[in-house]
Every structure is written in C-alpha cells, then in structure tokens.
>>> print(open('structure39.pdb').read())   # PDB, C-alpha atoms and all ligand atoms
ATOM      1  CA  MET A 508       0.000   0.000   0.000
ATOM      2  CA  HIS A 509       1.521   3.288  -1.054
ATOM      3  CA  HIS A 510      -0.302   5.558   1.268
ATOM      4  CA  ARG A 511       1.049   9.070   0.928
ATOM      5  CA  GLU A 512       0.805  11.606   3.667
ATOM      6  CA  GLU A 513      -1.190  14.633   2.647
ATOM      7  CA  ALA A 514       1.072  17.049   0.848
ATOM      8  CA  PRO A 515       0.393  20.178  -1.147
ATOM      9  CA  ALA A 516       0.741  19.208  -4.792
ATOM     10  CA  ARG A 517       3.317  21.924  -5.435
ATOM     11  CA  ARG A 518       5.506  20.615  -2.643
ATOM     12  CA  HIS A 519       8.752  19.336  -3.991
ATOM     13  CA  ARG A 520       9.380  15.664  -3.229
ATOM     14  CA  GLY A 521      12.578  15.070  -5.045
ATOM     15  CA  GLY A 522      12.279  14.110  -8.659
ATOM     16  CA  PRO A 523      15.423  13.294 -10.599
ATOM     17  CA  GLY A 524      17.992  16.011 -11.061
ATOM     18  CA  GLN A 525      16.241  18.750  -9.100
ATOM     19  CA  GLU A 526      17.683  21.411  -6.851
ATOM     20  CA  ARG A 527      21.488  21.141  -6.952
ATOM     21  CA  GLY A 528      22.081  18.138  -9.176
ATOM     22  CA  LEU A 529      23.096  16.020  -6.197
ATOM     23  CA  THR A 530      22.633  12.323  -5.655
ATOM     24  CA  PRO A 531      19.228  11.327  -7.030
ATOM     25  CA  VAL A 532      16.775  10.861  -4.183
ATOM     26  CA  THR A 533      13.144   9.903  -4.620
ATOM     27  CA  PHE A 534      10.192   9.507  -2.305
ATOM     28  CA  VAL A 535       9.131   5.850  -2.316
ATOM     29  CA  GLY A 536       6.097   5.788  -0.022
ATOM     30  CA  SER A 537       4.500   6.241   3.406
ATOM     31  CA  TYR A 538       3.619   3.066   5.280
ATOM     32  CA  PRO A 539       1.360   2.638   8.317
ATOM     33  CA  ALA A 540       2.927  -0.700   9.340
ATOM     34  CA  ALA A 541       6.425  -2.181   9.305
ATOM     35  CA  ASP A 542       5.828  -5.152   7.001
ATOM     36  CA  PHE A 543       5.928  -3.268   3.696
ATOM     37  CA  ARG A 544       7.955  -4.699   0.796
ATOM     38  CA  LEU A 545      10.299  -2.529  -1.210
ATOM     39  CA  ARG A 546      11.599  -3.142  -4.704
ATOM     40  CA  PRO A 547      14.473  -3.370  -5.223
ATOM     41  CA  PRO A 548      15.401  -4.855  -1.851
ATOM     42  CA  LEU A 549      18.128  -2.609  -0.389
ATOM     43  CA  PRO A 550      19.448  -1.890   3.105
ATOM     44  CA  GLU A 551      17.609   0.729   5.152
ATOM     45  CA  VAL A 552      18.979   3.387   7.501
ATOM     46  CA  ALA A 553      16.346   4.823   9.846
ATOM     47  CA  PHE A 554      16.239   8.167  11.664
ATOM     48  CA  LEU A 555      14.813   7.715  15.145
ATOM     49  CA  GLY A 556      14.124  10.164  17.935
ATOM     50  CA  ARG A 557      11.529  11.920  20.010
ATOM     51  CA  SER A 558       8.978  14.109  18.348
ATOM     52  CA  ASN A 559      10.329  17.451  17.085
ATOM     53  CA  VAL A 560      13.989  16.477  17.613
ATOM     54  CA  GLY A 561      14.690  17.238  13.936
ATOM     55  CA  LYS A 562      14.555  13.874  12.108
ATOM     56  CA  SER A 563      12.882  15.064   8.921
ATOM     57  CA  SER A 564      15.089  18.187   8.797
ATOM     58  CA  LEU A 565      18.237  16.105   9.226
ATOM     59  CA  ILE A 566      17.219  13.739   6.427
ATOM     60  CA  ASN A 567      16.738  16.749   4.161
ATOM     61  CA  ALA A 568      20.171  18.077   5.167
ATOM     62  CA  VAL A 569      21.831  14.711   4.534
ATOM     63  CA  VAL A 570      20.386  14.376   1.035
ATOM     64  CA  GLY A 571      20.763  18.087   0.280
ATOM     65  CA  ARG A 572      17.076  18.738  -0.396
ATOM     66  CA  ARG A 573      15.179  21.444   1.367
ATOM     67  CA  ALA A 574      11.712  19.930   1.508
ATOM     68  CA  LEU A 575      11.869  16.251   0.643
ATOM     69  CA  ALA A 576      10.797  15.048   4.088
ATOM     70  CA  HIS A 577       8.051  17.188   5.623
ATOM     71  CA  THR A 578       9.011  19.190   8.700
ATOM     72  CA  SER A 579       6.999  21.235  11.159
ATOM     73  CA  LYS A 580       7.272  23.430  14.234
ATOM     74  CA  THR A 581       4.463  21.370  15.723
ATOM     75  CA  PRO A 582       5.515  17.973  17.105
ATOM     76  CA  GLY A 583       3.895  14.878  15.610
ATOM     77  CA  LYS A 584       4.312  15.861  11.966
ATOM     78  CA  THR A 585       5.579  12.541  10.648
ATOM     79  CA  LYS A 586       2.849   9.943  11.171
ATOM     80  CA  MET A 587       3.995   7.012   9.071
ATOM     81  CA  VAL A 588       7.153   5.269   7.990
ATOM     82  CA  ASN A 589       8.364   7.454   5.098
ATOM     83  CA  VAL A 590      10.867   5.906   2.746
ATOM     84  CA  PHE A 591      13.295   7.603   0.364
ATOM     85  CA  ASP A 592      15.413   5.875  -2.265
ATOM     86  CA  VAL A 593      18.954   7.238  -2.392
ATOM     87  CA  ASP A 594      20.501   6.638  -5.783
ATOM     88  CA  GLY A 595      19.134   3.094  -5.974
ATOM     89  CA  ARG A 596      21.752   2.162  -3.346
ATOM     90  CA  TYR A 597      19.858   2.266  -0.067
ATOM     91  CA  TYR A 598      16.711   3.608   1.605
ATOM     92  CA  LEU A 599      16.568   6.399   4.165
ATOM     93  CA  VAL A 600      13.644   5.993   6.532
ATOM     94  CA  ASP A 601      11.936   8.897   8.309
ATOM     95  CA  LEU A 602      10.078   7.551  11.342
ATOM     96  CA  PRO A 603       7.337   9.159  13.464
ATOM     97  CA  GLY A 604       8.667  10.687  16.672
ATOM     98  CA  TYR A 605       8.042   9.189  20.095
ATOM     99  CA  GLY A 606       7.273  10.816  23.409
ATOM    100  CA  TYR A 607       5.014  13.643  22.352
ATOM    101  CA  ALA A 608       3.040  14.093  25.551
ATOM    102  CA  ARG A 609       0.247  16.125  24.013
ATOM    103  CA  ALA A 610      -0.535  13.677  21.216
ATOM    104  CA  ALA A 611      -3.843  11.840  21.514
ATOM    105  CA  LYS A 612      -3.442   8.571  23.436
ATOM    106  CA  PRO A 613      -4.419   6.278  20.540
ATOM    107  CA  ASP A 614      -1.885   8.095  18.334
ATOM    108  CA  ARG A 615       0.837   7.689  20.906
ATOM    109  CA  ARG A 616       0.142   3.986  21.202
ATOM    110  CA  ARG A 617       0.022   3.568  17.435
ATOM    111  CA  PHE A 618       3.377   5.357  16.933
ATOM    112  CA  ARG A 619       4.975   3.382  19.729
ATOM    113  CA  ASP A 620       3.726   0.054  18.364
ATOM    114  CA  LEU A 621       4.796   1.011  14.856
ATOM    115  CA  LEU A 622       8.299   1.982  16.035
ATOM    116  CA  ARG A 623       8.652  -1.175  18.110
ATOM    117  CA  GLU A 624       7.558  -3.333  15.218
ATOM    118  CA  TYR A 625       9.815  -1.558  12.744
ATOM    119  CA  LEU A 626      12.901  -1.566  14.984
ATOM    120  CA  SER A 627      12.567  -5.079  16.313
ATOM    121  CA  THR A 628      11.446  -6.957  13.183
ATOM    122  CA  ARG A 629      12.493  -5.049  10.098
ATOM    123  CA  GLU A 630      14.911  -7.296   8.267
ATOM    124  CA  PRO A 631      16.651  -4.856   5.885
ATOM    125  CA  LEU A 632      17.425  -2.404   8.711
ATOM    126  CA  ALA A 633      21.193  -1.810   8.516
ATOM    127  CA  GLY A 634      21.427   0.702  11.325
ATOM    128  CA  VAL A 635      19.819   3.577  13.145
ATOM    129  CA  ILE A 636      20.658   7.253  13.453
ATOM    130  CA  TRP A 637      19.379   8.107  16.915
ATOM    131  CA  LEU A 638      18.671  11.800  17.360
ATOM    132  CA  LEU A 639      19.048  13.614  20.673
ATOM    133  CA  ASP A 640      18.366  17.335  21.137
ATOM    134  CA  VAL A 641      21.473  19.165  22.394
ATOM    135  CA  ARG A 642      19.380  21.152  24.891
ATOM    136  CA  ARG A 643      17.432  18.273  26.465
ATOM    137  CA  GLU A 644      18.070  15.519  28.933
ATOM    138  CA  PRO A 645      17.474  12.090  27.391
ATOM    139  CA  SER A 646      13.955  11.046  28.426
ATOM    140  CA  ALA A 647      12.502   7.778  29.689
ATOM    141  CA  ASP A 648      11.273   7.163  26.128
ATOM    142  CA  ASP A 649      14.778   7.724  24.807
ATOM    143  CA  HIS A 650      16.158   5.121  27.202
ATOM    144  CA  GLU A 651      13.409   2.665  26.311
ATOM    145  CA  MET A 652      14.199   2.996  22.594
ATOM    146  CA  ALA A 653      17.907   2.563  23.254
ATOM    147  CA  ALA A 654      17.199  -0.645  25.170
ATOM    148  CA  LEU A 655      15.150  -1.955  22.256
ATOM    149  CA  LEU A 656      17.966  -1.251  19.801
ATOM    150  CA  ALA A 657      20.564  -2.788  22.083
ATOM    151  CA  GLU A 658      18.435  -5.915  22.426
ATOM    152  CA  ARG A 659      18.563  -6.448  18.702
ATOM    153  CA  GLY A 660      22.222  -5.446  18.494
ATOM    154  CA  LEU A 661      21.702  -2.953  15.685
ATOM    155  CA  PRO A 662      24.488  -0.487  14.921
ATOM    156  CA  ILE A 663      23.523   2.920  16.318
ATOM    157  CA  LEU A 664      24.965   6.346  15.737
ATOM    158  CA  ALA A 665      23.888   9.148  18.058
ATOM    159  CA  ALA A 666      23.217  12.436  16.262
ATOM    160  CA  ILE A 667      23.055  15.355  18.663
ATOM    161  CA  THR A 668      20.720  17.833  16.944
ATOM    162  CA  LYS A 669      20.165  21.613  16.820
ATOM    163  CA  ALA A 670      23.770  22.385  17.803
ATOM    164  CA  ASP A 671      23.237  25.916  16.458
ATOM    165  CA  LYS A 672      21.043  26.607  19.499
ATOM    166  CA  LEU A 673      24.098  26.702  21.770
ATOM    167  CA  GLY A 674      27.524  28.338  21.675
ATOM    168  CA  ARG A 675      30.598  26.252  20.828
ATOM    169  CA  GLY A 676      31.826  25.506  24.334
ATOM    170  CA  ARG A 677      28.417  24.800  25.748
ATOM    171  CA  ARG A 678      27.475  22.424  22.951
ATOM    172  CA  THR A 679      30.567  20.264  23.454
ATOM    173  CA  GLU A 680      29.830  20.125  27.159
ATOM    174  CA  ARG A 681      26.190  19.173  26.518
ATOM    175  CA  ALA A 682      27.186  16.524  23.948
ATOM    176  CA  GLN A 683      29.415  14.918  26.559
ATOM    177  CA  GLU A 684      26.680  15.000  29.195
ATOM    178  CA  ILE A 685      24.151  13.451  26.815
ATOM    179  CA  LEU A 686      26.548  10.690  25.742
ATOM    180  CA  LYS A 687      27.288   9.887  29.342
ATOM    181  CA  ALA A 688      23.557   9.698  30.121
ATOM    182  CA  VAL A 689      22.917   7.208  27.298
ATOM    183  CA  GLY A 690      26.164   5.279  27.757
ATOM    184  CA  MET A 691      27.679   6.009  24.360
ATOM    185  CA  THR A 692      31.120   7.224  23.307
ATOM    186  CA  GLU A 693      32.283  10.158  21.172
ATOM    187  CA  GLU A 694      33.133   7.719  18.375
ATOM    188  CA  GLN A 695      29.454   6.733  18.250
ATOM    189  CA  CYS A 696      28.301  10.317  17.993
ATOM    190  CA  VAL A 697      28.119  13.270  15.636
ATOM    191  CA  VAL A 698      27.099  16.791  16.660
ATOM    192  CA  THR A 699      24.819  18.237  13.971
ATOM    193  CA  SER A 700      22.764  21.189  12.850
ATOM    194  CA  SER A 701      20.408  21.044   9.887
ATOM    195  CA  ARG A 702      20.436  24.813   9.923
ATOM    196  CA  THR A 703      24.201  25.444   9.684
ATOM    197  CA  ARG A 704      25.050  22.027   8.198
ATOM    198  CA  GLU A 705      27.487  21.378  11.021
ATOM    199  CA  GLY A 706      28.335  17.669  11.130
ATOM    200  CA  ILE A 707      26.366  16.838   7.976
ATOM    201  CA  GLU A 708      29.333  15.474   6.019
ATOM    202  CA  GLN A 709      30.301  13.283   8.952
ATOM    203  CA  LEU A 710      26.742  12.039   9.134
ATOM    204  CA  GLN A 711      26.726  11.271   5.397
ATOM    205  CA  GLU A 712      29.876   9.215   5.902
ATOM    206  CA  ALA A 713      28.334   7.425   8.873
ATOM    207  CA  VAL A 714      25.233   6.532   6.835
ATOM    208  CA  ALA A 715      27.462   5.182   4.049
ATOM    209  CA  GLY A 716      29.352   3.185   6.676
ATOM    210  CA  LEU A 717      26.153   1.604   7.977
ATOM    211  CA  VAL A 718      25.122   0.653   4.443
ATOM    212  CA  ASP A 719      28.564  -0.760   3.593
ATOM    213  CA  GLY A 720      28.735  -2.664   6.858
ATOM    214  CA  TRP A 721      25.373  -4.275   6.355
ATOM    215  CA  SER A 722      25.598  -8.016   5.992
ATOM    216  CA  GLY A 723      21.965  -9.054   6.188
ATOM    217  CA  SER A 724      19.494  -9.882   3.495
ATOM    218  CA  ALA A 725      17.067  -7.305   2.141
ATOM    219  CA  ALA A 726      15.048  -9.827   0.148
TER     220      ALA A 726
HETATM  221  N1  LIG B 801      17.561  25.690  15.172
HETATM  222  C1  LIG B 801      17.339  24.526  14.587
HETATM  223  N2  LIG B 801      16.071  24.104  14.410
HETATM  224  C2  LIG B 801      15.883  22.897  13.833
HETATM  225  C3  LIG B 801      16.971  22.084  13.403
HETATM  226  N3  LIG B 801      16.460  20.941  12.880
HETATM  227  C4  LIG B 801      15.119  21.053  12.969
HETATM  228  N4  LIG B 801      14.756  22.223  13.526
HETATM  229  C5  LIG B 801      13.386  22.691  13.773
HETATM  230  O1  LIG B 801      12.747  21.801  14.667
HETATM  231  C6  LIG B 801      11.375  21.610  14.309
HETATM  232  C7  LIG B 801      11.073  20.132  14.108
HETATM  233  O2  LIG B 801      11.789  19.651  12.995
HETATM  234  P1  LIG B 801      11.357  18.303  12.238
HETATM  235  O3  LIG B 801      12.470  17.974  11.307
HETATM  236  O4  LIG B 801       9.993  18.405  11.686
HETATM  237  O5  LIG B 801      11.359  17.273  13.474
HETATM  238  P2  LIG B 801      10.902  15.736  13.507
HETATM  239  O6  LIG B 801      11.806  15.051  14.469
HETATM  240  O7  LIG B 801      10.843  15.183  12.122
HETATM  241  O8  LIG B 801       9.443  15.865  14.140
HETATM  242  P3  LIG B 801       8.195  14.809  14.089
HETATM  243  O9  LIG B 801       8.037  14.346  12.674
HETATM  244  O10 LIG B 801       7.045  15.616  14.557
HETATM  245  O11 LIG B 801       8.550  13.707  15.023
HETATM  246  C8  LIG B 801      11.151  22.465  13.066
HETATM  247  O12 LIG B 801      10.621  23.697  13.457
HETATM  248  C9  LIG B 801      12.562  22.626  12.510
HETATM  249  O13 LIG B 801      12.727  23.804  11.745
HETATM  250  C10 LIG B 801      18.305  22.581  13.599
HETATM  251  O14 LIG B 801      19.322  21.955  13.279
HETATM  252  N5  LIG B 801      18.406  23.797  14.198
HETATM  253 MG    MG B 802       9.310  14.321  11.101
END
>>> encode(input="structure39.pdb", output="structure tokens")
Amino acid sequence: MHHREEAPARRHRGGPGQERGLTPVTFVGSYPAADFRLRPPLPEVAFLGRSNVGKSSLINAVVGRRALAHTSKTPGKTKMVNVFDVDGRYYLVDLPGYGYARAAKPDRRRFRDLLREYLSTREPLAGVIWLLDVRREPSADDHEMAALLAERGLPILAAITKADKLGRGRRTERAQEILKAVGMTEEQCVVTSSRTREGIEQLQEAVAGLVDGWSGSAA
C-alpha cells in the first residue's frame, strides 16, 4: 500500500535532477505498518528520535534537499514510515517521533507500536541514526528505545541535533553529558545542525558506513 501523507501538490518531493544536481533521491512511499515490501530490496537506515527532535530536517540536510521530508514546528508531523530511495543504493527511513506528551493517546500507542515493530522486526534495517536534542536531557522514552535497539544489536549512531542553538563551548559540554547519560562514546556520535550544516558530512559518511557494513538480506 503506497499511502502518501497529505502534501500540497506543489511541494517538492525530489524528482530526478532537481535542486542542486546532487545524488538522485526519490520519495518511495508512506507506510502505516512495518511489514511493507520494497523493490528493489536494499538496506535501510532509519532516523529515530523523540517528536520534534529534527529527524525530517536532518534527512533533508543529509540528502541536500530542502523539503523532501516534511518538517513542522508542531511535534507529531511525521505519522507514518516514510521511505526515500537514495541513488538506488539504499533507503533512508523517516520515522514518526516518540514521546510527544500532548498527542492523543491512541496516536501515541500507534506510533509506539509502529516503532517497536519496525525496529525489532524489520529485516533490511542496517542501522539507526538516533537523534538527541542538544538542549534536552534524554527522556525515559529515549532510554526505552535505546534498550530496544541494544536488544537487537543494531548499529547505532547518536546524532546530537540543533547544535546551532548553543555556543561552541556549551554544545561540546552538553554533547558529553548526553553521551554519558545514554552510555555512548564520542566515536558513536556526531554533533549536527540542519540549519548550519554542522556535522552533515560526517553524518553522510556514517550513513554510508552503515550501508557498507550491512551483511543481512534485504530480500
Ligand atoms: N535551530 C534549529 N532548528 C531545527 C533544526 N532541525 C530542525 N529544527 C526545527 O525543529 C522543528 C522540528 O523539525 P522536524 O524535522 O519536523 O522534526 P521531527 O523530528 O521530524 O518531528 P516529528 O516528525 O514531529 O517527530 C522544526 O521547526 C525545525 O525547523 C536545527 O538543526 N536547528
Ligand atoms: Mg518528522
């Protein structure tokens, strides 16, 4: 089922050769459950994090498109599993956020179940970019997600987001505090900003590394 999220028709969703002639990236589909089949079968790299942490913005920054994945000031924008084909080599996956306290209860449950199902069963999942806001303490939901990923033994890279919100010294300090709180090292982390493009090249390399290191079967 190729169930698209509502989008204004004029909204750009990444046809071939648009914007800056970068790597071709196309929107594949939006899926309400984790058992969708993609053709061709390719490894997937998913962006995971609490609502409003900047997942959709970071995907746009990584692929160099301004409005491929839909972003919003209001938390809870991404409601399905959105898949983008990057150059026929791998899929980038924009997930709904977790932990949005003001979302309706049934929505919260649905997102949580969808994330759990996707993260714990999805076969072609090569690795996860786990987003953490530079200004926030990791939440109970963050820790729960981390436990789920650890259980499956998936490669994880922590992306500290919105680094532009803090000055240089403060952001390094915060990054260290966050890593300590989630039990990860600096080698497993990149400090990013979709706004200033800080850390974006490093993140691109990390995504490529996850894809190259993938040894599973996407079929
Ligand atoms: N200052 C700053 N703002 C950012 C950055 N990245 C995202 N934002 C803002 O944060 C808000 C949420 O961004 P999204 O990319 O929609 O976040 P999301 O994690 O996809 O949110 P959901 O889909 O609702 O879970 C938007 O207002 C963005 O403009 C960043 O690097 N710096
Ligand atoms: Mg989003």
>>> residues_near_ligand(input="structure39.pdb", ligand="ligand LIG 801 (chain B)", cutoff="9 Å", atoms="all atoms listed in the file", output="number ranges by chain")
A: 554-567, 576-586, 601-607, 638, 668-672, 699-705
>>> residues_around(input="structure39.pdb", residues="Pro662 in chain A", least_positions_apart="3", cutoff="9 Å", atoms="only C-alpha atoms", output="JSON list (two decimals) with C-alpha atoms, keeping the file's coordinate frame")
[["chain", "number", "residue", "atom", "x", "y", "z"],
["A", 633, "ALA", "CA", 21.19, -1.81, 8.52],
["A", 634, "GLY", "CA", 21.43, 0.70, 11.32],
["A", 635, "VAL", "CA", 19.82, 3.58, 13.14],
["A", 636, "ILE", "CA", 20.66, 7.25, 13.45],
["A", 656, "LEU", "CA", 17.97, -1.25, 19.80],
["A", 657, "ALA", "CA", 20.56, -2.79, 22.08],
["A", 717, "LEU", "CA", 26.15, 1.60, 7.98]]
>>> resolve_selection(input="structure39.pdb", expression="the PyMOL selection byres (((chain A and resi 708-711) around 10) and not hetatm)", output="list in words")
Leu565, Ile566, Ala568, Val569, Val570, Ile636, Leu664, Ala665, Ala666, Cys696, Val697, Val698, Thr699, Arg704, Glu705, Gly706, Ile707, Glu712, Ala713, Val714, Ala715 and Gly716 of chain A
>>> axis_aligned_box(input="structure39.pdb", around="range 538-547 of chain A", padding_each_side="6 Å", output="lines of an AutoDock Vina configuration file")
center_x = 7.9
center_y = -1.0
center_z = 2.1
size_x = 25.1
size_y = 20.2
size_z = 26.6
>>> residues_around(input="structure39.pdb", residues="Leu673 in chain A", least_positions_apart="4", cutoff="9 Å", atoms="all atoms listed in the file", output="list of chain:residue names")
A:Val641, A:Arg642, A:Lys669, A:Arg677, A:Arg678
>>> atom_distance(input="structure39.pdb", atom1="CA of Leu639 in chain A", atom2="CA of Glu551 in chain A")
20.2 Å
>>> atom_distance(input="structure39.pdb", atom1="CA of Asp648 in chain A", atom2="CA of Arg619 in chain A")
9.7 Å
>>> closest_residue(input="structure39.pdb", among="A:Leu621, A:Met587, A:Val718, A:Ala610", to="ligand MG 802 (chain B)", atoms="all atoms listed in the file")
A:Met587
>>> decode(input="structure39.pdb", residues="range 595-672 of chain A", atoms="C-alpha atoms", output="PDB file, in the first residue's frame")
ATOM      1  CA  GLY A 595      19.134   3.094  -5.974  1.00  0.00           C
ATOM      2  CA  ARG A 596      21.752   2.162  -3.346  1.00  0.00           C
ATOM      3  CA  TYR A 597      19.858   2.266  -0.067  1.00  0.00           C
ATOM      4  CA  TYR A 598      16.711   3.608   1.605  1.00  0.00           C
ATOM      5  CA  LEU A 599      16.568   6.399   4.165  1.00  0.00           C
ATOM      6  CA  VAL A 600      13.644   5.993   6.532  1.00  0.00           C
ATOM      7  CA  ASP A 601      11.936   8.897   8.309  1.00  0.00           C
ATOM      8  CA  LEU A 602      10.078   7.551  11.342  1.00  0.00           C
ATOM      9  CA  PRO A 603       7.337   9.159  13.464  1.00  0.00           C
ATOM     10  CA  GLY A 604       8.667  10.687  16.672  1.00  0.00           C
ATOM     11  CA  TYR A 605       8.042   9.189  20.095  1.00  0.00           C
ATOM     12  CA  GLY A 606       7.273  10.816  23.409  1.00  0.00           C
ATOM     13  CA  TYR A 607       5.014  13.643  22.352  1.00  0.00           C
ATOM     14  CA  ALA A 608       3.040  14.093  25.551  1.00  0.00           C
ATOM     15  CA  ARG A 609       0.247  16.125  24.013  1.00  0.00           C
ATOM     16  CA  ALA A 610      -0.535  13.677  21.216  1.00  0.00           C
ATOM     17  CA  ALA A 611      -3.843  11.840  21.514  1.00  0.00           C
ATOM     18  CA  LYS A 612      -3.442   8.571  23.436  1.00  0.00           C
ATOM     19  CA  PRO A 613      -4.419   6.278  20.540  1.00  0.00           C
ATOM     20  CA  ASP A 614      -1.885   8.095  18.334  1.00  0.00           C
ATOM     21  CA  ARG A 615       0.837   7.689  20.906  1.00  0.00           C
ATOM     22  CA  ARG A 616       0.142   3.986  21.202  1.00  0.00           C
ATOM     23  CA  ARG A 617       0.022   3.568  17.435  1.00  0.00           C
ATOM     24  CA  PHE A 618       3.377   5.357  16.933  1.00  0.00           C
ATOM     25  CA  ARG A 619       4.975   3.382  19.729  1.00  0.00           C
ATOM     26  CA  ASP A 620       3.726   0.054  18.364  1.00  0.00           C
ATOM     27  CA  LEU A 621       4.796   1.011  14.856  1.00  0.00           C
ATOM     28  CA  LEU A 622       8.299   1.982  16.035  1.00  0.00           C
ATOM     29  CA  ARG A 623       8.652  -1.175  18.110  1.00  0.00           C
ATOM     30  CA  GLU A 624       7.558  -3.333  15.218  1.00  0.00           C
ATOM     31  CA  TYR A 625       9.815  -1.558  12.744  1.00  0.00           C
ATOM     32  CA  LEU A 626      12.901  -1.566  14.984  1.00  0.00           C
ATOM     33  CA  SER A 627      12.567  -5.079  16.313  1.00  0.00           C
ATOM     34  CA  THR A 628      11.446  -6.957  13.183  1.00  0.00           C
ATOM     35  CA  ARG A 629      12.493  -5.049  10.098  1.00  0.00           C
ATOM     36  CA  GLU A 630      14.911  -7.296   8.267  1.00  0.00           C
ATOM     37  CA  PRO A 631      16.651  -4.856   5.885  1.00  0.00           C
ATOM     38  CA  LEU A 632      17.425  -2.404   8.711  1.00  0.00           C
ATOM     39  CA  ALA A 633      21.193  -1.810   8.516  1.00  0.00           C
ATOM     40  CA  GLY A 634      21.427   0.702  11.325  1.00  0.00           C
ATOM     41  CA  VAL A 635      19.819   3.577  13.145  1.00  0.00           C
ATOM     42  CA  ILE A 636      20.658   7.253  13.453  1.00  0.00           C
ATOM     43  CA  TRP A 637      19.379   8.107  16.915  1.00  0.00           C
ATOM     44  CA  LEU A 638      18.671  11.800  17.360  1.00  0.00           C
ATOM     45  CA  LEU A 639      19.048  13.614  20.673  1.00  0.00           C
ATOM     46  CA  ASP A 640      18.366  17.335  21.137  1.00  0.00           C
ATOM     47  CA  VAL A 641      21.473  19.165  22.394  1.00  0.00           C
ATOM     48  CA  ARG A 642      19.380  21.152  24.891  1.00  0.00           C
ATOM     49  CA  ARG A 643      17.432  18.273  26.465  1.00  0.00           C
ATOM     50  CA  GLU A 644      18.070  15.519  28.933  1.00  0.00           C
ATOM     51  CA  PRO A 645      17.474  12.090  27.391  1.00  0.00           C
ATOM     52  CA  SER A 646      13.955  11.046  28.426  1.00  0.00           C
ATOM     53  CA  ALA A 647      12.502   7.778  29.689  1.00  0.00           C
ATOM     54  CA  ASP A 648      11.273   7.163  26.128  1.00  0.00           C
ATOM     55  CA  ASP A 649      14.778   7.724  24.807  1.00  0.00           C
ATOM     56  CA  HIS A 650      16.158   5.121  27.202  1.00  0.00           C
ATOM     57  CA  GLU A 651      13.409   2.665  26.311  1.00  0.00           C
ATOM     58  CA  MET A 652      14.199   2.996  22.594  1.00  0.00           C
ATOM     59  CA  ALA A 653      17.907   2.563  23.254  1.00  0.00           C
ATOM     60  CA  ALA A 654      17.199  -0.645  25.170  1.00  0.00           C
ATOM     61  CA  LEU A 655      15.150  -1.955  22.256  1.00  0.00           C
ATOM     62  CA  LEU A 656      17.966  -1.251  19.801  1.00  0.00           C
ATOM     63  CA  ALA A 657      20.564  -2.788  22.083  1.00  0.00           C
ATOM     64  CA  GLU A 658      18.435  -5.915  22.426  1.00  0.00           C
ATOM     65  CA  ARG A 659      18.563  -6.448  18.702  1.00  0.00           C
ATOM     66  CA  GLY A 660      22.222  -5.446  18.494  1.00  0.00           C
ATOM     67  CA  LEU A 661      21.702  -2.953  15.685  1.00  0.00           C
ATOM     68  CA  PRO A 662      24.488  -0.487  14.921  1.00  0.00           C
ATOM     69  CA  ILE A 663      23.523   2.920  16.318  1.00  0.00           C
ATOM     70  CA  LEU A 664      24.965   6.346  15.737  1.00  0.00           C
ATOM     71  CA  ALA A 665      23.888   9.148  18.058  1.00  0.00           C
ATOM     72  CA  ALA A 666      23.217  12.436  16.262  1.00  0.00           C
ATOM     73  CA  ILE A 667      23.055  15.355  18.663  1.00  0.00           C
ATOM     74  CA  THR A 668      20.720  17.833  16.944  1.00  0.00           C
ATOM     75  CA  LYS A 669      20.165  21.613  16.820  1.00  0.00           C
ATOM     76  CA  ALA A 670      23.770  22.385  17.803  1.00  0.00           C
ATOM     77  CA  ASP A 671      23.237  25.916  16.458  1.00  0.00           C
ATOM     78  CA  LYS A 672      21.043  26.607  19.499  1.00  0.00           C
TER      79      LYS A 672
END
